[in-house]
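Visitor: I have a structure I would like to understand better, so I am pasting it below and will then ask my questions one at a time.
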Amino acid sequence: MKIFATYNIKGGVGKTASAVNLAYLSGQSGFRTLVWDLDAQGAATYYFRVTPHIKGGSERLLRRKKYLPKAVRETAYLNVDLIPSDFSLRNLDLDLAEEKNPERRLSKLLGGVKNNYDVVILDCAPTISLASENVINMADWLLVPLIPTHLSIRAYDQLKEFFLLNGLDTNHLVPFFSMVDKRKRLHKDLIVEFAAENPELLRSYIPYLSQIEQMGVHRASVGAYAGAGVGGRAFEALWQAIMKRTVLAPTGGSSARDE
Ligand SMILES: Nc1ncnc2c1ncn2[C@@H]1O[C@H](COP(=O)(O)OP(=O)(O)OP(=O)(O)O)[C@@H](O)[C@H]1O
Ligand SMILES: [Mg+2]
């Protein structure tokens, strides 16, 4: 089981859009895929058209190891399941703090379903918190969407610094640009500058497109309503690049190609 997290301290950068679309493509690639919606906003749960409900709330979810497999819901997509969020996750940090070994609790819970999945994608809230410490500890790779703006890039620098200060391996950081408008000079310049300083940057990027913004209207992955369009193809290229970077050997139809 390989664990990915779509993570960025900054909000509104495309974490959930990436989690949902990459999960869809992972499922299409033949991987048994689980998305865990860890954000109280429940945006991933909404896109997957699953009822936002955690029976007994986040406290019960954390306390009972056997509960996690029961929380799993099927989605409409091939090979993709979801652990939905609900508003009780706003207390996740407080509830985690009550647990033994709080910074590894989520990882321990995930152990209860690890044999059922090849790929897990954690969709995270935009914070640095006890919950995100759990995510950083358990994820094999952090997929970090970045908007080409100075503040977004600064947030990545802060994350990298956090890794270095805590002796974590920065090779597990997989940044890529999202919501890119190549007509903007600033976007082009910032991408070139960032790539020169951060060789780990994936060359595939997600453009700013109303087709992607419309996920909220369709409540679906882009691949499900416009897979052959520019947005669908951008996520497909991103998924291929991620598979290649993270050496995920496909079991299904897709195969890795150059980034
Ligand atoms: N490539 C894109 N082009 C246009 N709109 C996009 C794109 N990616 C995401 N959006 C839109 O931007 C908004 C924020 O995206 P998303 O919810 O994926 O970000 P997020 O990082 O998960 O936000 P949060 O920090 O609130 O969890 C959403 O309304 C989404 O539909
Ligand atoms: Mg989100």
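Scheme for the structure tokens: letters A, B, ... for chains in order shown; per-chain residue numbers from 1; ligand numbers from 1 in order shown.
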Throw together the list of residues within 8 Å of ligand 1, counting only C-alpha atoms and all ligand atoms, and drop it here as an NGL selection string.

Guide: :A and (7-19 or 39 or 41 or 43 or 123-126 or 145 or 178-180 or 206-216 or 231)

Visitor: Go through stretch 17-195 of chain A and collect every residue that DSSP, computed from the backbone, puts in strand (DSSP E); the answer should be as a PyMOL selection string.

Guide: chain A and resi 33-37+73-74+80-83+119-123+141-146+173-177

Visitor: Just how far from atom CA of A:Leu109 is atom CA of A:Tyr24, in Å to one decimal?

Guide: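 Interatomic distance, atom CA of A:Tyr24 to atom CA of A:Leu109: 23.4 Å.
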
Visitor: With only C-alpha atoms as the counted atoms, please give the residues lying no more than 8 Å from stretch 80-88 of chain A, apart from itself and same-chain residues fewer than 6 positions off, as a list in words.

Guide: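 Contacts, in chain order: Ala23, Tyr24, Gly27, Arg32, Thr33, Leu34, Val35, Trp36, Asp37, Leu38, Asp39, Ala40, Gln41, Gly42, Ala44, Thr45, Val50, Thr51, Pro52, His53, Ile54, Gly57, Ser58, Ala71, Val72, Arg73 and Glu74 of chain A.
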
Visitor: Could you pull out the alpha helix (DSSP H) residues of stretch 113-154 of chain A from DSSP and send them as a count of residues only?

Guide: 14

Visitor: Skipping near chain neighbours, those fewer than 6 positions away, what residues fall within 12 Å of stretch 94-96 of chain A using only C-alpha atoms, listed as a PyMOL selection string?

Guide: chain A and resi 57-63+88+102-107+109+129-134

Visitor: For A:Leu238, which residue among A:Gly167, A:Leu22, A:Lys160, A:Leu190 is the nearest when counting only C-alpha atoms?

Guide: A:Leu22

Visitor: Residues at most 9 Å from A:Thr246, counting only C-alpha atoms, excluding those fewer than 5 positions away in the same chain, as a list in words?

Guide: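 Skipping anything fewer than 5 positions along the chain leaves Asp140, Trp141, His172 and Ala241 of chain A.
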
Visitor: Once you have the residues from the selection above, write them out as a JSON list (two decimals), in the first residue's frame, restricted to N, CA, C and O atoms.

Guide:
[["chain", "number", "residue", "atom", "x", "y", "z"],
["A", 140, "ASP", "N", 3.72, 8.26, 2.26],
["A", 140, "ASP", "CA", 4.98, 7.96, 1.56],
["A", 140, "ASP", "C", 5.40, 9.16, 0.72],
["A", 140, "ASP", "O", 6.57, 9.42, 0.56],
["A", 141, "TRP", "N", 4.39, 9.84, 0.15],
["A", 141, "TRP", "CA", 4.66, 11.04, -0.64],
["A", 141, "TRP", "C", 3.65, 12.12, -0.35],
["A", 141, "TRP", "O", 2.45, 11.85, -0.30],
["A", 172, "HIS", "N", 10.47, 13.02, -0.28],
["A", 172, "HIS", "CA", 9.07, 12.61, -0.26],
["A", 172, "HIS", "C", 8.12, 13.74, -0.64],
["A", 172, "HIS", "O", 6.92, 13.55, -0.68],
["A", 241, "ALA", "N", 3.04, 11.08, -14.38],
["A", 241, "ALA", "CA", 4.30, 11.60, -13.84],
["A", 241, "ALA", "C", 4.48, 11.17, -12.39],
["A", 241, "ALA", "O", 5.58, 10.82, -11.96]]

Visitor: Calculate how many Å separate atom CA of A:Ala196 from atom CA of A:Ala234, rounding to one decimal.

Guide: 22.2 Å

Visitor: Of the residues A:Asn137, A:Thr149, A:Asn198, A:Thr6, which is the one nearest to ligand 2, using only C-alpha atoms and all ligand atoms?

Guide: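 Ranked by minimum distance to ligand 2, first place goes to A:Thr6.
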
Visitor: Name the closest residue to A:Ser26 among the candidates A:Lys100, A:Lys70, A:Arg49, A:Lys2; distances are taken between atoms, counting only C-alpha atoms.

Guide: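 Of all the options, A:Lys2 lies closest to A:Ser26.
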
Visitor: Hey, which of A:Gly232, A:Pro199, A:Pro69, A:Gly227 ends up closest to A:Tyr117? Count only C-alpha atoms.

Guide: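 Counting only C-alpha atoms, the residue closest to A:Tyr117 is A:Pro69.
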
Visitor: Between A:Leu92, A:Ala76, A:Ala224, A:Leu122, which is the closest to ligand 2 once you count only C-alpha atoms and all ligand atoms?

Guide: A:Leu122

Visitor: Between A:Asn101, A:Asn79, A:Thr127, A:Asn91, which has the minimum distance to ligand 2 (counting only C-alpha atoms and all ligand atoms)?

Guide: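 For ligand 2, the nearest of the candidates is A:Thr127.
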